[in-house]
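Colleague: This one is input_14.txt, compact mmCIF, C-alpha atoms and all ligand atoms.
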```txt
# COMPACT_ATOMS: atom_id res chain seq x y z
CA MET A 19 25.20 14.68 0.54
CA PHE A 20 21.64 13.43 0.98
CA GLU A 21 19.58 16.32 -0.38
CA HIS A 22 18.26 14.03 -3.10
CA VAL A 23 16.95 11.42 -0.64
CA GLU A 24 13.20 11.83 -0.60
CA ALA A 25 11.12 11.36 2.57
CA TYR A 26 9.76 7.84 3.04
CA PRO A 27 5.97 7.99 2.72
CA GLY A 28 5.76 4.96 5.02
CA ASP A 29 4.42 1.44 4.69
CA PRO A 30 0.64 0.92 4.66
CA ILE A 31 0.87 -1.72 7.41
CA LEU A 32 4.05 -1.21 9.43
CA THR A 33 3.86 2.58 9.58
CA LEU A 34 0.21 2.40 10.62
CA ASN A 35 1.20 -0.01 13.37
CA GLU A 36 3.77 2.53 14.56
CA ALA A 37 1.11 5.25 14.53
CA PHE A 38 -1.09 3.01 16.67
CA GLY A 39 1.73 2.67 19.20
CA GLN A 40 1.97 6.46 19.45
CA ASP A 41 -1.79 7.04 19.81
CA PRO A 42 -2.29 8.21 23.43
CA ARG A 43 -5.97 7.17 23.65
CA PRO A 44 -6.26 4.31 26.18
CA GLU A 45 -9.33 2.83 24.46
CA LYS A 46 -7.50 2.34 21.13
CA ILE A 47 -7.86 -1.04 19.37
CA ASN A 48 -5.33 -2.37 16.86
CA LEU A 49 -6.87 -4.38 14.02
CA SER A 50 -4.28 -3.31 11.47
CA ILE A 51 -1.19 -5.53 11.35
CA GLY A 52 -1.49 -9.31 10.88
CA ILE A 53 -0.59 -10.33 14.40
CA TYR A 54 -2.53 -12.76 16.57
CA PHE A 55 -3.46 -11.45 20.03
CA ASP A 56 -5.07 -13.67 22.67
CA ASP A 57 -8.38 -13.05 24.40
CA ALA A 58 -6.66 -10.79 26.93
CA GLY A 59 -5.32 -8.69 24.04
CA GLN A 60 -1.77 -9.93 24.62
CA LEU A 61 0.78 -11.29 22.15
CA PRO A 62 0.93 -14.93 23.27
CA VAL A 63 4.09 -16.85 24.09
CA MET A 64 3.08 -20.37 23.17
CA ARG A 65 3.63 -23.09 25.77
CA ALA A 66 5.29 -25.32 23.18
CA VAL A 67 7.74 -22.51 22.45
CA ARG A 68 8.49 -21.92 26.13
CA GLU A 69 9.14 -25.63 26.67
CA ALA A 70 11.33 -25.88 23.58
CA GLU A 71 13.33 -22.88 24.81
CA ALA A 72 13.82 -24.55 28.20
CA GLN A 73 14.95 -27.76 26.49
CA ILE A 74 17.49 -26.13 24.20
CA ALA A 75 18.82 -23.60 26.73
CA PRO A 76 21.55 -25.92 28.11
CA THR A 77 22.80 -26.77 24.61
CA LEU A 78 22.84 -23.30 23.05
CA GLY A 79 26.36 -22.42 24.12
CA ALA A 80 28.81 -21.48 21.38
CA ARG A 81 27.25 -19.86 18.32
CA PRO A 82 29.15 -20.56 15.10
CA TYR A 83 27.76 -19.43 11.74
CA LEU A 84 24.96 -21.59 10.40
CA PRO A 85 25.48 -22.88 6.86
CA MET A 86 24.21 -20.50 4.14
CA GLU A 87 21.08 -22.63 3.68
CA GLY A 88 20.35 -22.73 7.43
CA LEU A 89 19.94 -25.35 10.14
CA ALA A 90 19.52 -28.87 8.71
CA PRO A 91 16.93 -30.18 11.24
CA TYR A 92 14.91 -27.01 10.72
CA ARG A 93 14.92 -27.44 6.95
CA GLN A 94 13.77 -31.05 7.32
CA ALA A 95 11.04 -29.93 9.71
CA VAL A 96 9.80 -27.35 7.20
CA GLN A 97 9.44 -30.03 4.53
CA ALA A 98 7.73 -32.44 6.91
CA LEU A 99 5.24 -29.80 7.98
CA LEU A 100 4.44 -28.55 4.49
CA TRP A 101 4.34 -31.89 2.64
CA GLY A 102 4.35 -34.62 5.29
CA ALA A 103 7.60 -36.49 6.03
CA GLY A 104 6.60 -39.47 3.87
CA HIS A 105 5.64 -37.48 0.77
CA GLU A 106 7.30 -38.72 -2.39
CA ALA A 107 8.73 -35.28 -3.21
CA VAL A 108 10.37 -35.15 0.25
CA THR A 109 11.74 -38.71 0.29
CA SER A 110 13.04 -38.45 -3.28
CA GLY A 111 14.95 -35.26 -2.39
CA ARG A 112 13.43 -33.15 -5.15
CA ILE A 113 12.59 -30.17 -2.93
CA ALA A 114 15.31 -27.59 -2.24
CA THR A 115 14.53 -25.95 1.11
CA ILE A 116 16.43 -23.13 2.77
CA GLN A 117 15.95 -21.34 6.10
CA THR A 118 15.12 -17.69 5.53
CA ILE A 119 14.68 -14.47 7.47
CA GLY A 120 10.93 -14.75 7.92
CA GLY A 121 8.56 -15.51 5.10
CA SER A 122 9.65 -12.17 3.63
CA GLY A 123 13.25 -13.34 3.35
CA GLY A 124 12.04 -16.42 1.48
CA LEU A 125 10.06 -14.32 -0.95
CA LYS A 126 13.04 -12.07 -1.61
CA VAL A 127 15.64 -14.82 -2.08
CA GLY A 128 13.25 -16.61 -4.45
CA SER A 129 12.64 -13.40 -6.39
CA ASP A 130 16.37 -12.80 -6.82
CA PHE A 131 16.81 -16.39 -8.02
CA LEU A 132 13.96 -16.01 -10.52
CA LYS A 133 15.33 -12.74 -11.86
CA ARG A 134 18.63 -14.46 -12.50
CA TYR A 135 17.39 -17.68 -14.09
CA PHE A 136 14.16 -16.47 -15.73
CA PRO A 137 15.11 -12.91 -16.69
CA GLN A 138 12.31 -12.68 -19.28
CA SER A 139 9.58 -13.71 -16.84
CA GLU A 140 7.15 -11.21 -15.35
CA VAL A 141 5.07 -11.60 -12.22
CA TRP A 142 1.29 -11.66 -11.76
CA VAL A 143 -0.15 -11.13 -8.27
CA SER A 144 -3.79 -11.24 -7.18
CA ASP A 145 -5.86 -8.04 -7.16
CA PRO A 146 -5.57 -7.26 -4.29
CA THR A 147 -2.63 -8.85 -2.50
CA TRP A 148 -0.31 -8.20 0.46
CA ASP A 149 1.29 -4.84 -0.46
CA ASN A 150 4.79 -6.10 0.08
CA HIS A 151 4.52 -8.74 -2.67
CA ARG A 152 4.69 -6.13 -5.40
CA ALA A 153 7.42 -4.22 -3.55
CA MET A 154 9.60 -7.30 -3.18
CA PHE A 155 9.28 -8.57 -6.73
CA GLU A 156 9.88 -5.08 -8.11
CA GLY A 157 12.82 -4.76 -5.73
CA ALA A 158 14.30 -7.85 -7.37
CA GLY A 159 13.92 -6.15 -10.76
CA LEU A 160 10.85 -8.08 -11.93
CA LYS A 161 7.87 -6.43 -13.59
CA VAL A 162 4.63 -6.95 -11.66
CA HIS A 163 1.04 -7.16 -12.96
CA THR A 164 -2.22 -8.18 -11.34
CA TYR A 165 -4.75 -10.90 -12.15
CA PRO A 166 -8.47 -10.63 -11.23
CA TYR A 167 -9.17 -12.17 -7.85
CA TYR A 168 -11.59 -10.52 -5.45
CA ASP A 169 -15.15 -9.53 -6.22
CA PRO A 170 -15.94 -6.65 -3.86
CA LEU A 171 -19.67 -6.72 -4.54
CA ALA A 172 -20.27 -10.39 -3.85
CA GLY A 173 -17.38 -10.67 -1.38
CA GLY A 174 -16.20 -13.75 -3.30
CA LEU A 175 -13.77 -14.85 -5.96
CA ARG A 176 -13.65 -13.82 -9.63
CA PHE A 177 -12.46 -17.29 -10.45
CA GLU A 178 -13.56 -17.48 -14.09
CA GLU A 179 -11.77 -14.21 -14.87
CA MET A 180 -8.71 -15.35 -12.96
CA LEU A 181 -8.64 -18.58 -14.96
CA ALA A 182 -9.13 -16.75 -18.25
CA THR A 183 -6.22 -14.42 -17.40
CA PHE A 184 -3.97 -17.35 -16.57
CA LYS A 185 -4.86 -18.94 -19.92
CA GLY A 186 -3.61 -15.84 -21.72
CA LEU A 187 -0.30 -15.40 -19.85
CA PRO A 188 3.03 -15.73 -21.63
CA GLU A 189 4.82 -19.01 -20.98
CA ARG A 190 6.96 -19.10 -17.83
CA SER A 191 5.09 -16.22 -16.24
CA ILE A 192 5.40 -16.19 -12.46
CA VAL A 193 2.04 -16.34 -10.65
CA LEU A 194 1.95 -15.45 -6.97
CA LEU A 195 -0.70 -17.51 -5.17
CA HIS A 196 -1.72 -17.51 -1.50
CA ALA A 197 -1.75 -21.15 -0.38
CA CYS A 198 -4.40 -20.43 2.27
CA CYS A 199 -5.92 -17.52 4.23
CA HIS A 200 -5.58 -14.97 1.44
CA ASN A 201 -4.21 -11.64 2.64
CA PRO A 202 -6.04 -9.22 2.61
CA THR A 203 -9.38 -10.70 1.51
CA GLY A 204 -9.72 -13.96 3.48
CA VAL A 205 -11.13 -15.54 0.30
CA ASP A 206 -9.43 -18.75 -0.83
CA LEU A 207 -9.72 -21.06 -3.82
CA SER A 208 -11.73 -24.23 -3.18
CA ALA A 209 -10.15 -27.65 -3.79
CA ALA A 210 -12.10 -27.87 -7.06
CA GLN A 211 -10.78 -24.47 -8.15
CA TRP A 212 -7.18 -25.49 -7.44
CA ASN A 213 -7.83 -28.58 -9.58
CA ALA A 214 -9.18 -26.41 -12.39
CA LEU A 215 -6.07 -24.21 -12.23
CA ILE A 216 -3.60 -27.08 -12.57
CA PRO A 217 -4.05 -27.88 -16.30
CA VAL A 218 -3.73 -24.16 -17.10
CA ILE A 219 -0.52 -23.87 -15.07
CA GLN A 220 0.77 -26.89 -16.96
CA SER A 221 -0.27 -25.87 -20.45
CA ARG A 222 1.03 -22.31 -20.07
CA ARG A 223 4.16 -23.62 -18.30
CA LEU A 224 3.61 -21.05 -15.54
CA ILE A 225 5.86 -20.75 -12.49
CA PRO A 226 3.64 -20.73 -9.39
CA TYR A 227 5.03 -18.91 -6.38
CA LEU A 228 3.07 -19.89 -3.29
CA ASP A 229 3.11 -17.84 -0.13
CA ILE A 230 2.02 -19.70 3.01
CA ALA A 231 2.21 -17.42 6.03
CA TYR A 232 -0.93 -18.61 7.86
CA GLN A 233 -0.78 -22.42 7.88
CA GLY A 234 -3.10 -23.62 10.62
CA PHE A 235 -5.22 -20.46 10.68
CA GLY A 236 -7.61 -21.48 7.90
CA ASP A 237 -9.05 -24.95 8.34
CA GLY A 238 -6.14 -26.77 10.03
CA LEU A 239 -2.47 -27.59 9.50
CA GLU A 240 -3.08 -30.40 7.00
CA GLN A 241 -6.03 -28.81 5.21
CA ASP A 242 -4.13 -25.54 4.72
CA ALA A 243 -1.31 -27.41 2.97
CA HIS A 244 -3.73 -28.82 0.40
CA ALA A 245 -2.83 -26.42 -2.43
CA LEU A 246 0.91 -26.97 -2.32
CA ARG A 247 0.53 -30.74 -2.03
CA THR A 248 -1.92 -30.82 -4.97
CA LEU A 249 0.49 -28.85 -7.15
CA THR A 250 3.34 -31.15 -6.13
CA ASP A 251 1.30 -34.28 -6.88
CA ALA A 252 0.49 -32.88 -10.32
CA GLY A 253 4.21 -32.77 -11.10
CA ILE A 254 4.37 -28.97 -11.21
CA SER A 255 7.63 -27.24 -10.25
CA PHE A 256 7.07 -24.22 -8.05
CA PHE A 257 8.33 -21.92 -5.30
CA CYS A 258 6.89 -21.84 -1.81
CA ALA A 259 7.77 -19.25 0.84
CA ASN A 260 6.60 -20.14 4.34
CA SER A 261 6.54 -18.22 7.59
CA PHE A 262 6.38 -19.24 11.25
CA SER A 263 5.94 -15.68 12.47
CA LYS A 264 2.22 -16.15 13.08
CA SER A 265 1.88 -19.89 13.71
CA PHE A 266 4.58 -19.87 16.42
CA SER A 267 3.98 -16.27 17.52
CA LEU A 268 7.69 -15.69 16.87
CA TYR A 269 7.44 -12.54 14.77
CA GLY A 270 10.70 -10.96 15.91
CA GLU A 271 12.79 -14.12 15.51
CA ARG A 272 12.28 -13.97 11.72
CA VAL A 273 11.77 -17.68 11.08
CA GLY A 274 10.71 -18.67 7.59
CA GLY A 275 11.71 -20.78 4.64
CA LEU A 276 11.81 -21.10 0.90
CA SER A 277 11.21 -24.41 -0.83
CA VAL A 278 11.58 -25.00 -4.54
CA VAL A 279 9.85 -28.13 -5.79
CA CYS A 280 11.87 -29.51 -8.70
CA PRO A 281 11.32 -32.33 -11.21
CA ASP A 282 14.13 -34.45 -9.72
CA ALA A 283 16.81 -34.56 -7.02
CA ALA A 284 19.66 -33.56 -9.35
CA GLN A 285 17.93 -30.31 -10.33
CA ALA A 286 17.00 -29.70 -6.68
CA ALA A 287 20.66 -30.00 -5.69
CA ARG A 288 21.68 -27.38 -8.27
CA VAL A 289 18.82 -25.08 -7.31
CA LEU A 290 19.82 -25.40 -3.65
CA GLY A 291 23.39 -24.47 -4.57
CA GLN A 292 22.28 -21.30 -6.34
CA LEU A 293 19.92 -20.39 -3.49
CA LYS A 294 22.93 -20.66 -1.19
CA ALA A 295 24.87 -18.36 -3.50
CA THR A 296 21.94 -15.89 -3.45
CA ILE A 297 21.94 -15.90 0.36
CA ARG A 298 25.70 -15.46 0.53
CA LYS A 299 25.44 -12.37 -1.64
CA ASN A 300 22.61 -10.92 0.44
CA TYR A 301 23.27 -11.66 4.11
CA SER A 302 25.63 -14.64 4.10
CA SER A 303 23.73 -16.95 6.45
CA PRO A 304 20.62 -16.92 8.65
CA PRO A 305 20.37 -16.55 12.44
CA THR A 306 20.32 -19.51 14.83
CA TYR A 307 17.86 -19.05 17.63
CA GLY A 308 14.38 -19.06 16.06
CA ALA A 309 15.23 -22.02 13.85
CA ARG A 310 16.46 -23.97 16.89
CA VAL A 311 13.19 -23.31 18.72
CA VAL A 312 10.94 -24.22 15.78
CA ALA A 313 12.93 -27.37 14.97
CA GLN A 314 12.76 -28.42 18.61
CA VAL A 315 8.97 -28.12 18.63
CA LEU A 316 8.40 -29.78 15.28
CA GLN A 317 10.78 -32.67 15.91
CA SER A 318 9.56 -33.54 19.40
CA PRO A 319 6.32 -35.58 19.16
CA GLU A 320 5.04 -34.18 22.48
CA LEU A 321 5.81 -30.55 21.70
CA ARG A 322 4.40 -30.85 18.22
CA VAL A 323 1.07 -32.09 19.60
CA LEU A 324 1.08 -29.32 22.20
CA TRP A 325 1.82 -26.69 19.53
CA ALA A 326 -0.82 -27.99 17.10
CA GLY A 327 -3.36 -27.87 19.92
CA GLU A 328 -2.47 -24.29 20.76
CA LEU A 329 -2.75 -23.34 17.10
CA ASP A 330 -6.20 -25.01 16.96
CA THR A 331 -7.27 -22.87 19.89
CA MET A 332 -6.06 -19.72 18.13
CA ARG A 333 -7.95 -20.64 14.96
CA GLN A 334 -11.14 -21.39 16.88
CA ARG A 335 -10.91 -18.15 18.81
CA ILE A 336 -10.69 -16.23 15.54
CA ARG A 337 -13.76 -18.10 14.25
CA LEU A 338 -15.66 -17.21 17.41
CA MET A 339 -14.76 -13.54 16.99
CA ARG A 340 -15.89 -13.62 13.37
CA GLN A 341 -19.23 -15.02 14.51
CA ARG A 342 -19.63 -12.47 17.32
CA LEU A 343 -18.84 -9.65 14.93
CA ALA A 344 -21.27 -10.94 12.31
CA ASP A 345 -24.05 -11.50 14.87
CA GLY A 346 -23.55 -8.08 16.42
CA LEU A 347 -23.46 -6.29 13.07
CA GLY A 348 -26.48 -8.24 11.87
CA GLN A 349 -28.43 -6.97 14.88
CA ALA A 350 -27.18 -3.41 14.61
CA LEU A 351 -27.77 -3.20 10.86
CA PRO A 352 -30.82 -5.25 9.92
CA GLY A 353 -30.73 -6.28 6.27
CA HIS A 354 -26.97 -5.71 5.96
CA ASP A 355 -25.17 -8.76 4.53
CA VAL A 356 -22.69 -9.87 7.18
CA SER A 357 -22.00 -13.36 5.82
CA ARG A 358 -18.55 -12.40 4.52
CA PHE A 359 -17.26 -12.00 8.08
CA VAL A 360 -17.88 -15.67 8.83
CA ASN A 361 -17.07 -17.08 5.40
CA GLN A 362 -13.61 -15.53 5.08
CA ARG A 363 -10.63 -17.56 6.28
CA GLY A 364 -7.57 -16.70 8.33
CA MET A 365 -6.60 -13.56 10.20
CA PHE A 366 -8.21 -11.02 7.92
CA SER A 367 -11.56 -9.73 6.94
CA TYR A 368 -11.97 -7.45 3.99
CA THR A 369 -14.71 -5.23 5.32
CA GLY A 370 -15.51 -3.31 2.16
CA LEU A 371 -15.10 -0.02 4.08
CA SER A 372 -13.80 2.94 2.07
CA GLU A 373 -10.61 4.76 3.01
CA SER A 374 -12.62 7.62 4.48
CA GLN A 375 -14.67 5.20 6.58
CA VAL A 376 -11.43 3.62 7.83
CA ASP A 377 -10.13 7.10 8.66
CA THR A 378 -13.31 7.88 10.62
CA LEU A 379 -12.96 4.62 12.53
CA ARG A 380 -9.43 5.62 13.48
CA HIS A 381 -10.04 9.26 14.31
CA SER A 382 -13.48 9.09 15.93
CA HIS A 383 -13.47 5.58 17.41
CA ALA A 384 -9.73 4.78 17.94
CA VAL A 385 -10.19 1.56 15.94
CA TYR A 386 -7.32 0.91 13.52
CA LEU A 387 -7.81 -0.97 10.23
CA VAL A 388 -5.53 -0.94 7.18
CA ARG A 389 -6.77 1.73 4.76
CA SER A 390 -7.77 -0.87 2.17
CA GLY A 391 -10.52 -1.86 4.63
CA ARG A 392 -8.64 -4.92 5.86
CA MET A 393 -9.40 -5.83 9.44
CA CYS A 394 -7.23 -8.17 11.46
CA VAL A 395 -9.91 -10.29 13.12
CA ALA A 396 -7.20 -11.88 15.28
CA GLY A 397 -7.02 -8.58 17.18
CA LEU A 398 -10.64 -8.91 18.38
CA ASN A 399 -11.35 -10.30 21.85
CA ALA A 400 -14.20 -10.65 24.33
CA GLY A 401 -13.29 -7.25 25.78
CA ASN A 402 -13.28 -5.22 22.55
CA VAL A 403 -15.54 -6.99 20.05
CA ASP A 404 -18.69 -5.15 21.14
CA LYS A 405 -17.03 -1.78 20.87
CA VAL A 406 -15.63 -2.63 17.43
CA THR A 407 -19.06 -3.85 16.32
CA GLN A 408 -20.74 -0.63 17.45
CA SER A 409 -18.04 1.52 15.84
CA LEU A 410 -18.28 -0.35 12.54
CA ALA A 411 -22.06 -0.18 12.59
CA ALA A 412 -21.93 3.58 13.21
CA VAL A 413 -19.55 4.14 10.31
CA ILE A 414 -21.58 1.96 7.94
CA ARG A 415 -24.86 3.58 9.05
CA ASP A 416 -23.45 7.08 8.46
CA ALA A 417 -22.59 6.13 4.88
CA THR A 418 -26.08 4.85 4.03
N1 LIG A 501 3.37 -13.30 3.41
C1 LIG A 501 2.16 -12.85 3.75
C2 LIG A 501 1.00 -13.22 2.91
C3 LIG A 501 2.03 -12.04 4.88
O1 LIG A 501 0.82 -11.61 5.18
C4 LIG A 501 3.16 -11.69 5.65
C5 LIG A 501 3.03 -10.77 6.79
C6 LIG A 501 4.39 -12.22 5.26
C7 LIG A 501 4.47 -13.01 4.14
C8 LIG A 501 5.65 -11.92 6.02
O2 LIG A 501 5.95 -12.87 6.96
P1 LIG A 501 7.25 -12.66 7.89
O3 LIG A 501 7.54 -14.03 8.36
O4 LIG A 501 6.84 -11.74 8.98
O5 LIG A 501 8.32 -12.10 7.04
N2 LIG A 501 2.01 -10.02 6.93
C9 LIG A 501 1.66 -9.12 8.03
C10 LIG A 501 2.78 -8.32 8.58
C11 LIG A 501 3.50 -7.49 7.55
O6 LIG A 501 2.89 -6.76 6.76
O7 LIG A 501 4.74 -7.57 7.56
C12 LIG A 501 0.48 -8.26 7.60
O8 LIG A 501 0.01 -8.39 6.46
O9 LIG A 501 -0.01 -7.47 8.41
```
Using structure tokens, write down the structure that the file contains.
Modeller:
Amino acid sequence: MFEHVEAYPGDPILTLNEAFGQDPRPEKINLSIGIYFDDAGQLPVMRAVREAEAQIAPTLGARPYLPMEGLAPYRQAVQALLWGAGHEAVTSGRIATIQTIGGSGGLKVGSDFLKRYFPQSEVWVSDPTWDNHRAMFEGAGLKVHTYPYYDPLAGGLRFEEMLATFKGLPERSIVLLHACCHNPTGVDLSAAQWNALIPVIQSRRLIPYLDIAYQGFGDGLEQDAHALRTLTDAGISFFCANSFSKSFSLYGERVGGLSVVCPDAAQAARVLGQLKATIRKNYSSPPTYGARVVAQVLQSPELRVLWAGELDTMRQRIRLMRQRLADGLGQALPGHDVSRFVNQRGMFSYTGLSESQVDTLRHSHAVYLVRSGRMCVAGLNAGNVDKVTQSLAAVIRDAT
């Protein structure tokens, strides 16, 4: 029956993470998957989450189906966090927001919707991007291309080339943009660059699709929402998939959302209806628990402050690790440019290591990076940063 089913070659991130789990070496260090670990190397359970769980425990009780679009207080909380509760687009009701199964679920539901209503449109993603972007859009039947983004030599952005590509795109092309903390490079557009992009998006009538999976990990909760608020203020209609996996350390609860910013409330209502239909056809309705927890945190003033403070601490710890890594590498490799480690934003650093260098790190040093050379800096801690620094230095030294 299944002779024709070919073996799955595996996923560059998730399969590597599984391989890490099976590695018997006790000194192994996981800097592959985008997960935040604390300074003791543990996956944190945030205090705000624990307290929210204690608060909702007595009221959980019976578990009917949620509506197709998800839990109403959760959907409101998503809008308030992304745009601010008083934002004109929120108060006028022109954003259609649904609860989704992680940020991934949001990306997929949005892709299915786009394939249905913009069947001629093709997708452009940054070179490079999170591997799953291409897989998801292609899975929805959309053709995927890349636009210039990262400059491996300078460790910066090829912004002029990116802009020129956007200027030449067919009307109603879909452009996937990372709202903050670009994965895998850690290189983001500046506020001025977002401003320069806006007239091009408008004149080419492009459909931006923003992915915000790391709000709070770049420069702060408000600062990291800058791009999507700027696009909204410019009157651009766009898609925005958000994830709470990282910012609430609730990976396994699969809490995310999809928001579609529309020109007016009437269009938003119709878009919401068709998003509901898309969900019904895929998995009918989302799960309850994670959305209850996140809504409880975001809607309680005390818990929200507690959570934002914990997130600040996580961001600052990542910054500290970036600095320690850069300082250590600078000492070990005099003359080597280590500025990219501190300049990049979010959980990732694009080290510039080749696949064979990454393989050596894994096999000879038990340090796991994604083969593209992406390092999850959020996996560094006081106990492993020196070893990682020495291992990296050894691998770089061997190559020169
Ligand atoms: N968008 C981006 C940009 C992203 O990095 C991830 C996860 C997601 C969406 C998915 O979010 P979720 O809420 O878990 O569905 N990235 C990490 C984990 C993974 O690959 O699944 C990673 O890049 O390591």
Colleague: So, with all atoms listed in the file as the atoms that count, which of A:Val273, A:Cys258, A:Val143, A:Met393 lies closest to ligand LIG 501 (chain A)?
Modeller: A:Val273
Colleague: Can you tell me, as a list in words, what residues are no more than 10 Å from Gly173 (chain A) when counting all atoms listed in the file, ignoring any on the same chain fewer than 6 positions away?
Modeller: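 Near neighbours after the sequence-gap exclusion: Thr203, Gly204, Val205, Asp355, Ser357, Arg358, Phe359, Asn361, Gln362, Tyr368, Thr369 and Gly370 of chain A.
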Colleague: Near Thr296 (chain A), within 12 Å and counting all atoms listed in the file, which residues show up once chain neighbours fewer than 3 positions away are dropped, as an mmCIF file with C-alpha atoms, keeping the file's coordinate frame?
Modeller:
```
data_model
loop_
_atom_site.group_PDB
_atom_site.id
_atom_site.type_symbol
_atom_site.label_atom_id
_atom_site.label_comp_id
_atom_site.auth_asym_id
_atom_site.auth_seq_id
_atom_site.Cartn_x
_atom_site.Cartn_y
_atom_site.Cartn_z
ATOM 1 C CA MET A 86 24.210 -20.500 4.140
ATOM 2 C CA GLU A 87 21.080 -22.630 3.680
ATOM 3 C CA ILE A 116 16.430 -23.130 2.770
ATOM 4 C CA THR A 118 15.120 -17.690 5.530
ATOM 5 C CA GLY A 123 13.250 -13.340 3.350
ATOM 6 C CA GLY A 124 12.040 -16.420 1.480
ATOM 7 C CA LYS A 126 13.040 -12.070 -1.610
ATOM 8 C CA VAL A 127 15.640 -14.820 -2.080
ATOM 9 C CA GLY A 128 13.250 -16.610 -4.450
ATOM 10 C CA SER A 129 12.640 -13.400 -6.390
ATOM 11 C CA ASP A 130 16.370 -12.800 -6.820
ATOM 12 C CA PHE A 131 16.810 -16.390 -8.020
ATOM 13 C CA LEU A 132 13.960 -16.010 -10.520
ATOM 14 C CA LYS A 133 15.330 -12.740 -11.860
ATOM 15 C CA ARG A 134 18.630 -14.460 -12.500
ATOM 16 C CA TYR A 135 17.390 -17.680 -14.090
ATOM 17 C CA ALA A 158 14.300 -7.850 -7.370
ATOM 18 C CA VAL A 289 18.820 -25.080 -7.310
ATOM 19 C CA LEU A 290 19.820 -25.400 -3.650
ATOM 20 C CA GLY A 291 23.390 -24.470 -4.570
ATOM 21 C CA GLN A 292 22.280 -21.300 -6.340
ATOM 22 C CA LEU A 293 19.920 -20.390 -3.490
ATOM 23 C CA LYS A 299 25.440 -12.370 -1.640
ATOM 24 C CA ASN A 300 22.610 -10.920 0.440
ATOM 25 C CA TYR A 301 23.270 -11.660 4.110
ATOM 26 C CA SER A 302 25.630 -14.640 4.100
ATOM 27 C CA SER A 303 23.730 -16.950 6.450
#
```
Colleague: Show which residues sit within 10 Å of region 224-226 of chain A, as an mmCIF file with C-alpha atoms, keeping the file's coordinate frame. Count only C-alpha atoms, and ignore same-chain residues fewer than 5 positions away.
Modeller:
```
data_model
loop_
_atom_site.group_PDB
_atom_site.id
_atom_site.type_symbol
_atom_site.label_atom_id
_atom_site.label_comp_id
_atom_site.auth_asym_id
_atom_site.auth_seq_id
_atom_site.Cartn_x
_atom_site.Cartn_y
_atom_site.Cartn_z
ATOM 1 C CA LEU A 132 13.960 -16.010 -10.520
ATOM 2 C CA PHE A 136 14.160 -16.470 -15.730
ATOM 3 C CA SER A 139 9.580 -13.710 -16.840
ATOM 4 C CA VAL A 141 5.070 -11.600 -12.220
ATOM 5 C CA TRP A 142 1.290 -11.660 -11.760
ATOM 6 C CA PHE A 184 -3.970 -17.350 -16.570
ATOM 7 C CA LYS A 185 -4.860 -18.940 -19.920
ATOM 8 C CA LEU A 187 -0.300 -15.400 -19.850
ATOM 9 C CA PRO A 188 3.030 -15.730 -21.630
ATOM 10 C CA GLU A 189 4.820 -19.010 -20.980
ATOM 11 C CA ARG A 190 6.960 -19.100 -17.830
ATOM 12 C CA SER A 191 5.090 -16.220 -16.240
ATOM 13 C CA ILE A 192 5.400 -16.190 -12.460
ATOM 14 C CA VAL A 193 2.040 -16.340 -10.650
ATOM 15 C CA LEU A 194 1.950 -15.450 -6.970
ATOM 16 C CA LEU A 195 -0.700 -17.510 -5.170
ATOM 17 C CA ILE A 216 -3.600 -27.080 -12.570
ATOM 18 C CA VAL A 218 -3.730 -24.160 -17.100
ATOM 19 C CA ILE A 219 -0.520 -23.870 -15.070
ATOM 20 C CA LEU A 246 0.910 -26.970 -2.320
ATOM 21 C CA LEU A 249 0.490 -28.850 -7.150
ATOM 22 C CA ILE A 254 4.370 -28.970 -11.210
ATOM 23 C CA SER A 255 7.630 -27.240 -10.250
ATOM 24 C CA PHE A 256 7.070 -24.220 -8.050
ATOM 25 C CA PHE A 257 8.330 -21.920 -5.300
ATOM 26 C CA CYS A 258 6.890 -21.840 -1.810
#
```
Colleague: With all atoms listed in the file counted, collect every polymer residue having an atom within 8 Å of ligand LIG 501 (chain A); state the result as a PyMOL selection string.
Modeller: chain A and resi 31-32+50-53+119-125+147-151+196+200-202+229-232+259-264+269-270+272-274+394
Colleague: Counting all atoms listed in the file, what is within 8 Å of Thr164 (chain A), bar same-chain residues fewer than 2 positions away, as a VMD selection string?
Modeller: chain A and resid 142 to 146 162 166
Colleague: Export C-alpha atoms of the chosen residues as an mmCIF file, keeping the file's coordinate frame?
Modeller:
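Saved the output as result.cif:
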```cif
data_model
loop_
_atom_site.group_PDB
_atom_site.id
_atom_site.type_symbol
_atom_site.label_atom_id
_atom_site.label_comp_id
_atom_site.auth_asym_id
_atom_site.auth_seq_id
_atom_site.Cartn_x
_atom_site.Cartn_y
_atom_site.Cartn_z
ATOM 1 C CA TRP A 142 1.290 -11.660 -11.760
ATOM 2 C CA VAL A 143 -0.150 -11.130 -8.270
ATOM 3 C CA SER A 144 -3.790 -11.240 -7.180
ATOM 4 C CA ASP A 145 -5.860 -8.040 -7.160
ATOM 5 C CA PRO A 146 -5.570 -7.260 -4.290
ATOM 6 C CA VAL A 162 4.630 -6.950 -11.660
ATOM 7 C CA PRO A 166 -8.470 -10.630 -11.230
#
```
Colleague: Excluding region 283-287 of chain A and any residue of its chain fewer than 5 positions from it, enumerate the residues within 8 Å of it, using all atoms listed in the file, and give them as a list in words.
Modeller: Ser110, Gly111, Arg112, Ile113, Ala114 and Val278 of chain A
Colleague: Write the residues of the preceding selection, restricted to C-alpha atoms, as an mmCIF file, in the frame of the given file.
Modeller:
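part_21.cif written:
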```cif
data_model
loop_
_atom_site.group_PDB
_atom_site.id
_atom_site.type_symbol
_atom_site.label_atom_id
_atom_site.label_comp_id
_atom_site.auth_asym_id
_atom_site.auth_seq_id
_atom_site.Cartn_x
_atom_site.Cartn_y
_atom_site.Cartn_z
ATOM 1 C CA SER A 110 13.040 -38.450 -3.280
ATOM 2 C CA GLY A 111 14.950 -35.260 -2.390
ATOM 3 C CA ARG A 112 13.430 -33.150 -5.150
ATOM 4 C CA ILE A 113 12.590 -30.170 -2.930
ATOM 5 C CA ALA A 114 15.310 -27.590 -2.240
ATOM 6 C CA VAL A 278 11.580 -25.000 -4.540
#
```
